[in-house]
$ cat upload_38.txt   # compact mmCIF, C-alpha atoms
# COMPACT_ATOMS: atom_id res chain seq x y z
CA MET A 1 117.22 65.78 89.16
CA ARG A 2 117.44 67.53 85.78
CA ILE A 3 117.82 71.22 85.07
CA LYS A 4 114.12 71.77 84.27
CA GLU A 5 113.17 70.51 87.75
CA VAL A 6 115.86 72.69 89.31
CA SER A 7 114.55 75.71 87.44
CA ALA A 8 111.03 75.05 88.73
CA LEU A 9 112.21 74.60 92.33
CA THR A 10 114.49 77.66 92.46
CA GLY A 11 112.65 80.02 90.11
CA LEU A 12 115.91 80.58 88.20
CA ALA A 13 116.10 80.42 84.42
CA GLU A 14 118.02 77.47 83.00
CA ARG A 15 120.53 79.84 81.43
CA THR A 16 121.14 81.47 84.85
CA ILE A 17 121.79 78.06 86.42
CA ARG A 18 124.30 77.21 83.67
CA PHE A 19 125.92 80.64 84.10
CA TYR A 20 126.47 80.11 87.83
CA GLU A 21 128.07 76.77 87.04
CA GLU A 22 130.28 78.32 84.34
CA GLU A 23 131.39 80.92 86.90
CA GLY A 24 132.45 78.12 89.26
CA LEU A 25 129.99 79.11 91.99
CA PHE A 26 128.69 75.55 92.29
CA GLN A 27 129.45 72.21 90.61
CA PRO A 28 126.70 69.60 90.14
CA GLU A 29 127.61 65.92 89.84
CA LYS A 30 127.74 64.41 86.35
CA GLU A 31 126.65 60.94 85.32
CA TYR A 32 127.88 59.15 82.18
CA SER A 33 125.16 57.44 80.15
CA ASN A 34 124.67 56.54 76.48
CA GLY A 35 127.93 58.09 75.40
CA ARG A 36 127.62 61.47 77.14
CA TYR A 37 127.55 63.13 80.54
CA TYR A 38 124.36 64.31 82.23
CA ARG A 39 124.19 66.75 85.13
CA ASN A 40 122.44 65.35 88.21
CA TYR A 41 121.46 68.17 90.56
CA SER A 42 121.22 67.34 94.26
CA ASP A 43 119.47 68.96 97.23
CA ASN A 44 122.78 70.65 98.10
CA ASP A 45 122.87 72.17 94.61
CA ILE A 46 119.36 73.53 95.16
CA ARG A 47 120.55 75.04 98.45
CA ASP A 48 123.58 76.59 96.73
CA LEU A 49 121.48 78.08 93.93
CA LYS A 50 118.98 79.62 96.34
CA MET A 51 121.90 81.08 98.30
CA LEU A 52 123.48 82.52 95.12
CA ALA A 53 120.20 84.07 93.97
CA THR A 54 119.61 85.61 97.39
CA LEU A 55 123.09 87.15 97.64
CA ARG A 56 122.92 88.47 94.06
CA GLN A 57 119.52 90.07 94.75
CA ALA A 58 120.99 91.63 97.91
CA GLY A 59 123.63 93.38 95.78
CA PHE A 60 126.77 91.28 96.22
CA THR A 61 128.93 90.92 93.10
CA MET A 62 129.94 87.58 91.61
CA ASP A 63 133.55 88.14 92.73
CA GLU A 64 132.43 88.93 96.27
CA ILE A 65 130.31 85.78 96.48
CA ARG A 66 133.19 83.71 95.11
CA LYS A 67 135.54 85.25 97.66
CA MET A 68 133.14 84.56 100.52
CA GLN A 69 132.87 80.93 99.37
CA ASN A 70 136.62 80.37 99.12
CA GLU A 71 138.07 82.49 101.92
CA THR A 72 137.31 82.53 105.62
CA GLY A 73 136.84 85.67 107.66
CA VAL A 74 135.98 87.98 104.74
CA ILE A 75 132.20 88.15 105.08
CA ALA A 76 132.36 91.06 107.54
CA ASP A 77 134.46 93.07 105.04
CA MET A 78 132.07 92.19 102.22
CA LEU A 79 129.12 93.42 104.30
CA THR A 80 130.94 96.70 104.94
CA ASP A 81 131.60 97.18 101.22
CA LEU A 82 127.98 96.40 100.33
CA ASN A 83 126.70 98.79 102.99
CA LEU A 84 128.92 101.55 101.57
CA ARG A 85 127.61 100.97 98.05
CA LEU A 86 124.00 100.96 99.22
CA SER A 87 124.58 104.17 101.19
CA GLU A 88 126.00 105.88 98.08
CA GLN A 89 123.04 104.71 96.01
CA LYS A 90 120.62 105.90 98.69
CA SER A 91 122.30 109.31 98.86
CA SER A 92 122.09 109.75 95.08
CA ALA A 93 118.45 108.62 95.06
CA GLU A 94 117.55 111.06 97.86
CA THR A 95 119.28 113.93 96.03
CA MET A 96 117.40 113.12 92.86
CA ALA A 97 114.11 112.93 94.77
CA GLU A 98 114.71 116.42 96.19
CA ILE A 99 115.39 117.75 92.69
CA ILE A 100 112.17 116.26 91.35
CA ASP A 101 110.14 117.56 94.31
CA GLY A 102 111.37 121.06 93.52
CA ILE A 103 109.84 121.08 90.03
CA ASP A 104 106.43 122.74 89.82
CA ARG A 105 104.02 120.26 88.15
CA ARG A 106 101.64 123.12 87.30
CA ASP A 107 104.03 124.41 84.64
CA GLU A 108 103.63 123.19 81.07
CA LEU A 109 106.66 120.94 80.81
CA THR A 110 108.31 119.45 77.76
CA VAL A 111 111.20 117.04 77.70
CA TYR A 112 113.50 119.95 76.89
CA THR A 113 112.34 122.25 79.69
CA LEU A 114 112.49 119.31 82.07
CA SER A 115 116.06 118.60 80.96
CA ASP A 116 117.04 122.26 81.42
CA ARG A 117 115.67 122.36 84.97
CA ILE A 118 117.33 119.12 85.98
CA SER A 119 120.71 119.61 84.28
CA SER A 120 122.07 122.26 86.65
CA ALA A 121 120.80 120.47 89.73
CA ILE A 122 122.30 117.08 88.93
CA GLU A 123 125.81 118.42 88.43
CA LYS A 124 126.40 117.61 92.10
CA LEU A 125 125.66 113.92 91.41
CA GLU A 126 128.56 111.64 90.49
CA LEU A 127 128.74 110.03 87.08
CA PRO A 128 127.86 106.35 87.24
CA LYS A 129 131.13 104.58 87.91
CA ALA A 130 130.16 101.56 85.81
CA GLU A 131 129.63 103.81 82.81
CA VAL A 132 133.00 105.47 83.27
CA HIS A 133 134.93 102.25 83.80
CA LEU A 134 133.14 100.60 80.88
CA ARG A 135 134.79 102.95 78.40
CA PHE A 136 138.01 103.99 80.13
CA GLY A 137 138.76 101.20 82.57
CA LYS A 138 141.97 100.30 80.68
CA LEU A 139 143.67 103.68 81.29
CA ASP A 140 146.63 102.84 83.49
CA GLY A 141 148.11 105.20 86.03
CA VAL A 142 145.08 107.48 86.42
CA ASP A 143 142.80 108.03 89.37
CA ASP A 144 138.99 108.26 89.36
CA ALA A 145 138.98 112.05 88.90
CA GLN A 146 141.22 111.86 85.82
CA ARG A 147 139.19 109.00 84.42
CA THR A 148 135.96 110.99 84.90
CA ALA A 149 137.49 114.04 83.18
CA GLU A 150 138.56 111.84 80.26
CA TYR A 151 135.03 110.48 80.04
CA GLU A 152 133.54 114.00 79.94
CA ARG A 153 135.93 115.02 77.12
CA PHE A 154 134.86 111.94 75.21
CA ILE A 155 131.17 112.78 75.58
CA LYS A 156 131.70 116.37 74.38
CA LYS A 157 133.68 115.16 71.38
CA ARG A 158 131.08 112.53 70.54
CA ASP A 159 128.21 115.01 70.74
CA ARG A 160 129.96 117.35 68.29
CA ARG A 161 130.03 114.66 65.65
CA ARG A 162 127.43 114.84 62.92
CA PRO A 163 126.83 112.25 60.20
CA SER A 164 128.22 113.22 56.81
CA LEU A 165 126.05 113.61 53.72
CA HIS A 166 127.70 110.52 52.26
CA PHE A 167 126.75 108.51 55.35
CA VAL A 168 123.14 109.73 55.23
CA LEU A 169 122.77 108.89 51.52
CA THR A 170 124.33 105.47 52.04
CA PHE A 171 121.99 104.75 54.94
CA VAL A 172 118.89 105.82 53.01
CA LEU A 173 119.86 103.77 49.95
CA GLY A 174 120.56 100.77 52.20
CA VAL A 175 117.11 101.01 53.78
CA LEU A 176 115.44 101.30 50.37
CA ALA A 177 117.42 98.31 49.08
CA PHE A 178 116.34 96.25 52.09
CA VAL A 179 112.68 97.19 51.64
CA PHE A 180 112.64 96.31 47.95
CA SER A 181 114.64 93.10 48.42
CA SER A 182 112.31 91.96 51.20
CA MET A 183 109.44 92.09 48.71
CA PHE A 184 111.16 89.28 46.82
CA ILE A 185 112.65 87.42 49.76
CA TYR A 186 109.28 86.59 51.31
CA ASP A 187 106.28 85.24 49.51
CA LYS A 188 103.65 84.87 52.21
CA ILE A 189 104.62 85.06 55.87
CA ASP A 190 101.92 85.57 58.46
CA GLU A 191 103.76 88.05 60.68
CA LYS A 192 100.85 88.17 63.11
CA PHE A 193 100.17 84.46 63.38
CA THR A 194 97.57 83.75 66.05
CA ALA A 195 97.03 80.22 67.25
CA PRO A 196 93.44 78.90 67.18
CA PRO A 197 91.72 80.18 70.33
CA THR A 198 89.83 76.92 70.91
CA ALA A 199 92.71 74.56 70.28
CA GLY A 200 91.74 72.02 72.94
CA SER A 201 94.29 69.29 73.61
CA THR A 202 95.81 66.60 71.41
CA GLU A 203 96.63 64.44 74.44
CA GLY A 204 95.06 61.00 74.30
CA TRP A 205 94.41 61.13 70.54
CA HIS A 206 96.18 59.20 67.79
CA TYR A 207 96.43 61.06 64.46
CA TRP A 208 96.98 59.48 61.06
CA SER A 209 96.40 60.23 57.36
CA ASP A 210 95.82 58.48 54.05
CA ARG A 211 95.67 59.35 50.36
CA ILE A 212 92.73 58.51 48.12
CA ASP A 213 92.60 57.89 44.36
CA ASP A 214 96.15 58.78 43.30
CA ASP A 215 96.46 61.81 45.59
CA GLU A 216 93.17 63.39 44.47
CA SER A 217 92.40 63.82 48.17
CA ILE A 218 94.29 63.59 51.45
CA ASN A 219 92.43 62.79 54.67
CA LEU A 220 93.51 63.37 58.27
CA TYR A 221 91.93 61.30 61.05
CA ARG A 222 92.11 61.04 64.83
CA SER A 223 91.30 58.05 67.00
CA GLY A 224 90.67 57.74 70.74
CA ASP A 225 88.26 56.13 73.19
CA ASN A 226 87.05 53.71 70.47
CA VAL A 227 86.15 56.69 68.25
CA THR A 228 87.65 57.49 64.85
CA GLU A 229 86.93 60.88 63.26
CA LEU A 230 87.76 62.36 59.87
CA ILE A 231 88.90 65.85 60.91
CA TYR A 232 90.46 67.31 57.75
CA THR A 233 90.35 66.70 53.98
CA GLU A 234 92.50 68.31 51.30
CA ASN A 235 91.03 68.04 47.79
CA SER A 236 94.04 69.26 45.79
CA PRO A 237 95.18 66.84 43.07
CA ASN A 238 98.31 68.90 42.41
CA GLU A 239 99.34 69.04 46.09
CA THR A 240 101.38 65.89 46.60
CA ASN A 241 103.72 66.83 49.46
CA PHE A 242 101.88 66.34 52.74
CA GLY A 243 102.92 65.84 56.34
CA PHE A 244 101.72 66.75 59.82
CA TYR A 245 103.11 67.20 63.32
CA VAL A 246 101.14 66.74 66.57
CA GLY A 247 101.85 69.50 69.07
CA SER A 248 100.64 69.85 72.64
CA GLU A 249 97.45 71.62 71.54
CA HIS A 250 97.69 72.14 67.77
CA LEU A 251 98.18 70.09 64.66
CA TYR A 252 100.74 71.53 62.25
CA VAL A 253 100.21 70.56 58.62
CA CYS A 254 102.73 70.95 55.77
CA LEU A 255 101.12 70.88 52.32
CA ASP A 256 103.56 71.61 49.50
CA ASN A 257 104.80 75.17 50.18
CA LYS A 258 102.35 75.92 53.02
CA LEU A 259 102.57 75.45 56.78
CA PHE A 260 99.36 75.93 58.77
CA SER A 261 97.86 74.91 62.11
CA LEU A 262 94.59 73.26 63.08
CA ASN A 263 92.75 72.78 66.33
CA ALA A 264 92.96 69.37 67.99
CA ASP A 265 89.63 68.49 66.31
CA GLY A 266 90.70 69.74 62.87
CA SER A 267 88.93 73.11 62.99
CA GLY A 268 90.43 76.60 63.03
CA TYR A 269 92.69 76.72 59.96
CA HIS A 270 95.50 79.28 60.47
CA ARG A 271 98.26 79.82 57.91
CA ILE A 272 101.69 80.23 59.50
CA TYR A 273 104.06 80.26 56.54
CA SER A 274 104.05 79.99 52.76
CA LYS A 275 107.01 80.31 50.37
CA SER A 276 107.39 78.93 46.87
CA GLY A 277 110.45 76.88 46.03
CA GLY A 278 110.27 74.02 48.50
CA VAL A 279 108.46 72.16 51.24
CA PRO A 280 108.48 73.37 54.89
CA SER A 281 108.84 70.82 57.66
CA VAL A 282 108.15 71.07 61.39
CA ILE A 283 111.10 70.45 63.72
CA GLY A 284 109.02 70.57 66.91
CA GLU A 285 107.75 72.64 69.82
CA CYS A 286 110.18 73.88 72.46
CA GLY A 287 109.27 76.25 75.26
CA ASP A 288 106.90 78.86 73.87
CA ASN A 289 107.89 78.46 70.22
CA LEU A 290 107.26 76.24 67.20
CA PHE A 291 110.42 75.51 65.18
CA PHE A 292 110.42 74.57 61.50
CA TYR A 293 112.55 74.86 58.38
CA GLY A 294 111.66 75.64 54.81
CA PRO A 295 112.48 77.72 51.73
CA SER A 296 113.20 81.42 52.07
CA GLY A 297 115.09 84.11 50.21
CA TYR A 298 118.26 82.54 51.63
CA GLY A 299 117.89 78.96 50.44
CA TYR A 300 116.43 76.82 53.23
CA SER A 301 116.21 78.45 56.66
CA VAL A 302 115.51 77.32 60.22
CA MET A 303 112.68 79.50 61.59
CA TYR A 304 110.42 79.81 64.62
CA VAL A 305 107.12 81.41 65.59
CA PRO A 306 105.54 81.85 69.06
CA ILE A 307 102.89 79.20 69.66
CA SER A 308 100.53 81.78 71.14
CA GLY A 309 100.92 84.14 68.18
CA GLY A 310 103.59 86.40 66.75
CA ARG A 311 105.98 86.93 63.90
CA VAL A 312 107.93 84.27 62.01
CA LYS A 313 111.68 84.80 62.48
CA ARG A 314 114.71 83.13 60.92
CA ILE A 315 117.56 81.63 62.99
CA LEU A 316 119.85 80.02 60.39
CA ASN A 317 120.01 80.47 56.61
CA ASN A 318 121.46 78.43 53.73
CA ILE A 319 120.77 75.11 55.45
CA GLU A 320 122.14 71.98 53.79
CA GLY A 321 121.50 68.37 54.69
CA GLU A 322 119.90 67.03 57.84
CA THR A 323 118.76 69.05 60.86
CA MET A 324 118.62 67.26 64.22
CA VAL A 325 117.60 68.15 67.80
CA ASP A 326 119.29 66.55 70.82
CA ASP A 327 118.61 67.65 74.42
CA ASP A 328 116.91 70.87 73.23
CA ILE A 329 119.96 71.76 71.09
CA LEU A 330 119.39 72.04 67.33
CA PHE A 331 122.27 71.05 65.05
CA SER A 332 122.38 72.04 61.39
CA PHE A 333 124.88 72.60 58.58
CA VAL A 334 125.15 76.06 57.00
CA ARG A 335 126.58 76.25 53.50
CA GLY A 336 130.11 77.65 53.50
CA LYS A 337 130.26 77.99 57.32
CA GLY A 338 129.93 74.51 58.73
CA TYR A 339 127.81 73.23 61.59
CA TYR A 340 125.90 75.37 64.07
CA ALA A 341 124.35 74.54 67.45
CA VAL A 342 121.26 76.49 68.59
CA ASP A 343 119.83 76.37 72.12
CA LEU A 344 116.09 76.22 71.44
CA TYR A 345 115.23 77.73 74.83
CA THR A 346 117.57 80.75 74.70
CA LEU A 347 117.91 80.94 70.86
CA GLU A 348 121.65 81.39 71.32
CA LYS A 349 123.71 80.27 68.30
CA ARG A 350 127.18 78.75 68.42
CA ARG A 351 129.27 78.17 65.30
CA LEU A 352 130.98 74.78 65.46
CA GLY A 353 132.58 74.63 62.00
CA LYS A 354 133.79 71.02 61.54
CA MET A 355 133.12 70.92 57.81
CA GLY A 356 134.37 67.38 57.28
CA LEU A 357 132.42 65.52 59.96
CA ASN A 358 129.02 63.88 59.79
CA LEU A 359 126.18 65.15 61.97
CA ASN A 360 126.29 62.37 64.58
CA ASP A 361 130.02 62.93 65.18
CA VAL A 362 129.42 66.69 65.49
CA ILE A 363 126.70 66.15 68.12
CA GLN A 364 128.87 63.73 70.09
CA ASP A 365 131.85 66.16 70.04
CA TYR A 366 129.64 69.07 71.07
CA PHE A 367 128.35 67.42 74.23
CA LYS A 368 131.86 66.27 75.13
CA GLU A 369 133.03 69.90 74.91
CA VAL A 370 130.17 71.47 76.88
CA THR A 371 130.10 68.75 79.54
CA PRO A 372 133.42 68.58 81.37
$ encode --input "upload_38.txt" --output "structure tokens"
Amino acid sequence: MRIKEVSALTGLAERTIRFYEEEGLFQPEKEYSNGRYYRNYSDNDIRDLKMLATLRQAGFTMDEIRKMQNETGVIADMLTDLNLRLSEQKSSAETMAEIIDGIDRRDELTVYTLSDRISSAIEKLELPKAEVHLRFGKLDGVDDAQRTAEYERFIKKRDRRRPSLHFVLTFVLGVLAFVFSSMFIYDKIDEKFTAPPTAGSTEGWHYWSDRIDDDESINLYRSGDNVTELIYTENSPNETNFGFYVGSEHLYVCLDNKLFSLNADGSGYHRIYSKSGGVPSVIGECGDNLFFYGPSGYGYSVMYVPISGGRVKRILNNIEGETMVDDDILFSFVRGKGYYAVDLYTLEKRRLGKMGLNLNDVIQDYFKEVTP
């Protein structure tokens, strides 16, 4: 079975499943087909994933789970370690609960008076070890007490710092420059795009368009169940660039520099994006988002907007040449930087470079690298 089915069966996000595999906690079988490898998850993989999720929720670390998988006779020690951690957390939580119970709610509290009353009481609590080790874990030859003292000196030194006048002026000027430049970067972006509330469904319908009398009008039709309907007409002689994309519930129409959505029956016009200087084009729907590319203040950009409503956001700028999607991964060339791969579900970007290759070769090399 594929990763989407596994995600539905286990309740784990696809990225979490890939992460567990990257960490070597389980290894699904791979099948070679059409020039690339595909993961084929089995019932045993489902069992392993449910086990991993359960142990992680219980509080075991990744290293502890890996050790329990690879070594015999260590589970009892791991349970002892987990019990000790949970006891420490419980003790700290109980101490904090006693402190809170001792505060009179009838007093008029502010965040500052609350902080003053808590500060002396929590001195008995230990600093979070993760926070200490995060900053000073590379200090060799010191014990926990020395590391904690070093952390406290760092905090005091940090709190004494104040931004200089030069820094403040630079920051303010930077903000002003961004605000003024944004007025020219964007022409018309509907930052609160809301999909038509009565979108219906496009399933079962065939959509097509034609042009009448030398582009003096453009008509959009739908056909189904022996019925053909004219659902949209554009009477704009100067608007010659026209295209549409059929989504799961909406129609997305590109007309010169505009991108807008319609209901399945052609009603409910909603503008999504408009920018002079080029023609937007829909890439497709993926997950909860609609992806498209078009002109922006940074040449052509790859952008997305939530299907249910939200703000248009850019992913990649200065796009050149063809953009292609393969297995929910978008591939595109960025001027001066080379190719990029974007996971359309997680929106994670990966710079591939490879300036001298064509797009098909880049895609083939990418899947060879990510699929061992």
$ closest_residue --input "upload_38.txt" --among "A:Leu109, A:Asn257, A:Asp288, A:Phe331" --to "Lys275 of chain A" --atoms "only C-alpha atoms"
A:Asn257
$ atom_distance --input "upload_38.txt" --atom1 "atom CA of Ile231 of chain A" --atom2 "atom CA of Gly243 of chain A"
14.7 Å
$ atom_distance --input "upload_38.txt" --atom1 "atom CA of Ser201 of chain A" --atom2 "atom CA of Leu251 of chain A"
9.8 Å
$ atom_distance --input "upload_38.txt" --atom1 "atom CA of Ile283 of chain A" --atom2 "atom CA of Ser7 of chain A"
24.5 Å
$ residues_around --input "upload_38.txt" --residues "Leu359 of chain A" --least-positions-apart "3" --cutoff "8 Å" --atoms "all atoms listed in the file" --output "PyMOL selection string"
chain A and resi 322+331-332+362-363
$ closest_residue --input "upload_38.txt" --among "A:Val175, A:Val302, A:Met78, A:Ile329" --to "Tyr366 of chain A" --atoms "only C-alpha atoms"
A:Ile329
$ closest_residue --input "upload_38.txt" --among "A:Ser91, A:Asn263, A:Gly277, A:Asp328" --to "Ile3 of chain A" --atoms "only C-alpha atoms"
A:Asp328
$ residues_near_point --input "upload_38.txt" --point "(116.0, 75.3, 84.2)" --cutoff "10 Å" --atoms "all atoms listed in the file" --output "count of residues only"
18
$ residues_around --input "upload_38.txt" --residues "Glu320 of chain A" --least-positions-apart "4" --cutoff "12 Å" --atoms "all atoms listed in the file" --output "ChimeraX atom specification"
/A:293-295,298-302,316,324,331-340,355,359
$ closest_residue --input "upload_38.txt" --among "A:Glu94, A:Asp265, A:Glu203, A:Glu21" --to "Arg66 of chain A" --atoms "all atoms listed in the file"
A:Glu21
$ axis_aligned_box --input "upload_38.txt" --around "segment 264-276 of chain A" --padding-each-side "8 Å" --output "lines of an AutoDock Vina configuration file"
center_x = 98.2
center_y = 74.4
center_z = 57.4
size_x = 34.5
size_y = 27.8
size_z = 37.1
$ closest_residue --input "upload_38.txt" --among "A:Tyr20, A:Thr80, A:Tyr207, A:Leu357" --to "Ala53 of chain A" --atoms "all atoms listed in the file"
A:Tyr20
$ closest_residue --input "upload_38.txt" --among "A:Gly268, A:Asp63, A:Phe242, A:Met96" --to "Arg211 of chain A" --atoms "all atoms listed in the file"
A:Phe242
